[in-house]
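Chemist: So that we are looking at the same thing, I have put the structure below in structure tokens.
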Amino acid sequence: MDGDDIPKSQASALGKNDDMLNKSATKTANVGGEDGPVAEEPTLSKRQKKKLLKQQKWEDERDLRKQKRKDRKRQRRLERQSGPRDDLGDEPDRRRDDEPDRRLAAKRPRREATPSSLRLLLDCSFDELMLIKDVRKLHKQIQRCYARNRRASPPVQFYVTSLGGQLKQCMDEKDKGWINWKEIIIKGEHFSQVVDKEDVVYLTSDSPNVLMELDLKKAYVIGGLVDHNHHKGITLDRARDLGIRHARLPLATFVRMNSRKVLTVNHVFEIILAYVEKGHWRDAFFSVLPPRKGAEALAPERPELPELPERPELPELPERPELPELPERPELPQLPELPELPERPVTPEWTERDRRSDPDAPQSPHK
């Protein structure tokens, strides 16, 4: 085989092998010194030999693997064209064939759902406080929020504000299709210039106010910050500086957690979507929180009973009139004495033997 007929993949593998052999030979030659003996054959360790063989085998079988993938794809296409299969033996293949359709259905938004009037805004004005790795994490969380809202029933009005700096550069490099996103409003301005301040409620875990119910007429702001708790309380300070209302989710009321109670941007977003759909915070928390948080349900607190009104004073009862004295009971007349009864004659006792011998004897009452 000529050098031109060797595949590129195999040629690259052979080139890597030659480089490794040359390095080993150079190392062996330098051990002997400038005037020392030079080893004729390079010495490779067992691990290096095994690695070379494994890499060579992988490169040799590349075309075979590619051909097998094409054959499987062609076979599945022919089976789909031939119609549905009724045998149970092809059930795994049927599941594989249906997976693309299920993925497309999951990505397809629910057009029949009426959008909610609730507004959720993501404040991305913390760009200068994050490292580039944290900016990439925030970008992924925004992607999850967008995808979750597209599948929500009903979806909310999603805003991304203060987009710029590292975040916009990361989105342009990693996800150029974000400019074609639908059902989302992306602004470079601050959220205070997009919505009225009187309608804004800033969601922050440091707020002393607990958000027990959502007002569909309000606009709730989520701080777009991934800092691993390095800037504690900064979102609350921003809300106070702007003079807007702030609140926190009722997490401690319904959930006991073994880890930190700081949630990611997409978790807060999905919890609010779940509350809009389910109408209860407990169900919303446990449908979104990951198992690693170690969340446990808390018993609902017993509501405080209202204070009873004071018992009115009862009116005084009138005095009971004195009863008249009863007349004295008259003496009863004495009864006459009863006469004495005559003595009863004694009846002779008859034995069973006497009854048998005397026919005039009375019969026994026991017979």
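Each chain in the structure tokens gets a letter, A, B, ..., in the order shown, and its residues are numbered from 1; ligands are numbered from 1 in order too.
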Residues at most 12 Å from A:Lys187, counting only C-alpha atoms, excluding those fewer than 3 positions away in the same chain, as a list in words?

Modeler: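 Here the answer would be Leu121, Leu122, Asp123, Cys124, Ser125, Phe158, Tyr159, Val160, Thr161, Ser162, Leu163, Gly164, Lys168, Ile179, Ile184, His190, Phe191, Ser192, Gln193, Val194 and Val195 of chain A.
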
Chemist: DSSP on the backbone, helix (DSSP H, G or I) only: what residues of stretch 46-268 of chain A does that give? Format it as a PyMOL selection string.

Modeler: chain A and resi 46-60+62-82+88-107+127-129+132-151+165-174+176-180+191-193+197-199+234-242+251-254+265-268

Chemist: Just to confirm, what's the straight-line distance from atom CA of A:Ala239 to atom CA of A:Leu203 in Å (one decimal)?

Modeler: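 For atom CA of A:Ala239 relative to atom CA of A:Leu203, the distance reads 9.1 Å.
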
Chemist: Quick one, how far is atom CA of A:Gln169 from atom CA of A:Leu131?

Modeler: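 Distance reported for this atom pair: 13.2 Å.
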
Chemist: I'd like the contact shell of stretch 115-117 of chain A - 12 Å cut-off, only C-alpha atoms, skipping same-chain residues fewer than 4 positions apart - returned as number ranges by chain.

Modeler: A: 109-111, 149-158, 183-184, 214-220, 272-273, 276-277

Chemist: Could you check how far atom CA of A:Ile132 sits from atom CA of A:Cys170, in Å to one decimal?

Modeler: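 Spanning atom CA of A:Ile132 to atom CA of A:Cys170 is a straight-line distance of 8.6 Å.
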
Chemist: Go through A:Leu225, A:Ala252, A:Leu118, A:Met130 one by one, measure the shortest atom-to-atom distance of each to A:Tyr275 using only C-alpha atoms, and give the residue with the smallest value.

Modeler: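 When distances to A:Tyr275 are compared using only C-alpha atoms, the smallest one comes from A:Leu118.
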
Chemist: Neighbouring residues of A:His267 were defined as those with any atom within 10 Å, considering only C-alpha atoms; residues of the same chain fewer than 3 positions away were excluded. Please report them as a list of chain:residue names.

Modeler: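 Contacts, in chain order: A:Gln141, A:Arg144, A:Cys145, A:Val262, A:Leu263, A:Thr264, A:Glu270, A:Ile271, A:Ile272, A:Leu273, A:Phe285, A:Val288, A:Leu289, A:Pro290.
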
Chemist: Since we have the selection now, will you write its residues out, keeping all heavy atoms, as a compact mmCIF listing (two decimals), in the first residue's frame?

Modeler:
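Saved as result-v3.txt:
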# COMPACT_ATOMS: atom_id res chain seq x y z
N GLN A 141 -28.30 27.97 32.83
CA GLN A 141 -29.52 28.10 33.62
C GLN A 141 -30.58 28.90 32.87
O GLN A 141 -31.77 28.59 32.95
CB GLN A 141 -29.20 28.76 34.96
CG GLN A 141 -28.32 27.90 35.87
CD GLN A 141 -27.91 28.60 37.15
OE1 GLN A 141 -28.45 29.65 37.47
NE2 GLN A 141 -26.97 28.02 37.88
N ARG A 144 -32.20 26.56 30.45
CA ARG A 144 -33.18 25.68 31.09
C ARG A 144 -34.48 26.44 31.38
O ARG A 144 -35.57 25.89 31.21
CB ARG A 144 -32.59 25.10 32.38
CG ARG A 144 -31.42 24.16 32.16
CD ARG A 144 -31.08 23.42 33.43
NE ARG A 144 -29.92 22.55 33.24
CZ ARG A 144 -28.72 22.81 33.72
NH1 ARG A 144 -28.52 23.90 34.44
NH2 ARG A 144 -27.71 21.97 33.53
N CYS A 145 -34.36 27.68 31.82
CA CYS A 145 -35.56 28.47 32.08
C CYS A 145 -36.37 28.67 30.81
O CYS A 145 -37.61 28.54 30.81
CB CYS A 145 -35.18 29.82 32.68
SG CYS A 145 -34.41 29.75 34.31
N VAL A 262 -29.98 28.24 49.44
CA VAL A 262 -29.82 29.09 48.25
C VAL A 262 -30.10 28.25 47.02
O VAL A 262 -29.46 27.20 46.81
CB VAL A 262 -28.41 29.71 48.21
CG1 VAL A 262 -28.26 30.58 46.97
CG2 VAL A 262 -28.15 30.54 49.47
N LEU A 263 -31.03 28.68 46.20
CA LEU A 263 -31.44 27.95 45.01
C LEU A 263 -30.84 28.60 43.77
O LEU A 263 -30.53 29.79 43.75
CB LEU A 263 -32.96 27.90 44.90
CG LEU A 263 -33.71 27.31 46.09
CD1 LEU A 263 -35.21 27.39 45.85
CD2 LEU A 263 -33.29 25.87 46.34
N THR A 264 -30.68 27.81 42.71
CA THR A 264 -30.19 28.33 41.45
C THR A 264 -31.29 29.12 40.73
O THR A 264 -32.46 29.08 41.12
CB THR A 264 -29.71 27.18 40.55
OG1 THR A 264 -30.82 26.30 40.29
CG2 THR A 264 -28.59 26.40 41.22
N GLU A 270 -38.47 27.52 37.91
CA GLU A 270 -39.33 26.36 37.77
C GLU A 270 -40.30 26.21 38.94
O GLU A 270 -41.42 25.73 38.77
CB GLU A 270 -38.48 25.10 37.63
CG GLU A 270 -37.67 25.05 36.34
CD GLU A 270 -36.75 23.85 36.28
OE1 GLU A 270 -36.91 22.94 37.12
OE2 GLU A 270 -35.86 23.82 35.42
N ILE A 271 -39.88 26.61 40.15
CA ILE A 271 -40.79 26.55 41.30
C ILE A 271 -41.97 27.48 41.10
O ILE A 271 -43.12 27.13 41.39
CB ILE A 271 -40.02 26.88 42.59
CG1 ILE A 271 -39.09 25.71 42.98
CG2 ILE A 271 -40.98 27.18 43.74
CD1 ILE A 271 -38.15 26.02 44.11
N ILE A 272 -41.71 28.68 40.60
CA ILE A 272 -42.80 29.62 40.35
C ILE A 272 -43.72 29.10 39.25
O ILE A 272 -44.96 29.20 39.35
CB ILE A 272 -42.24 31.01 40.01
CG1 ILE A 272 -41.49 31.57 41.22
CG2 ILE A 272 -43.34 31.95 39.57
CD1 ILE A 272 -40.85 32.91 40.99
N LEU A 273 -43.16 28.51 38.21
CA LEU A 273 -44.00 27.91 37.16
C LEU A 273 -44.87 26.79 37.74
O LEU A 273 -46.05 26.68 37.41
CB LEU A 273 -43.13 27.36 36.04
CG LEU A 273 -42.50 28.37 35.06
CD1 LEU A 273 -41.69 27.63 34.02
CD2 LEU A 273 -43.56 29.21 34.39
N PHE A 285 -42.50 22.91 45.40
CA PHE A 285 -41.14 22.68 45.87
C PHE A 285 -40.69 21.26 45.57
O PHE A 285 -39.59 21.04 45.04
CB PHE A 285 -41.06 22.95 47.37
CG PHE A 285 -41.07 24.42 47.72
CD1 PHE A 285 -41.89 24.91 48.73
CD2 PHE A 285 -40.27 25.31 47.04
CE1 PHE A 285 -41.90 26.25 49.04
CE2 PHE A 285 -40.27 26.66 47.35
CZ PHE A 285 -41.09 27.13 48.36
N VAL A 288 -39.70 20.18 41.98
CA VAL A 288 -38.55 20.83 41.34
C VAL A 288 -37.24 20.54 42.07
O VAL A 288 -36.21 20.29 41.43
CB VAL A 288 -38.77 22.37 41.27
CG1 VAL A 288 -37.53 23.07 40.74
CG2 VAL A 288 -39.97 22.69 40.39
N LEU A 289 -37.23 20.54 43.40
CA LEU A 289 -35.99 20.41 44.15
C LEU A 289 -35.31 19.07 43.85
O LEU A 289 -35.97 18.02 43.88
CB LEU A 289 -36.27 20.52 45.66
CG LEU A 289 -36.69 21.90 46.16
CD1 LEU A 289 -37.00 21.84 47.64
CD2 LEU A 289 -35.61 22.93 45.88
N PRO A 290 -34.01 19.06 43.56
CA PRO A 290 -33.31 17.81 43.26
C PRO A 290 -33.09 16.99 44.53
O PRO A 290 -33.08 17.52 45.65
CB PRO A 290 -31.98 18.29 42.67
CG PRO A 290 -31.77 19.64 43.25
CD PRO A 290 -33.14 20.24 43.43
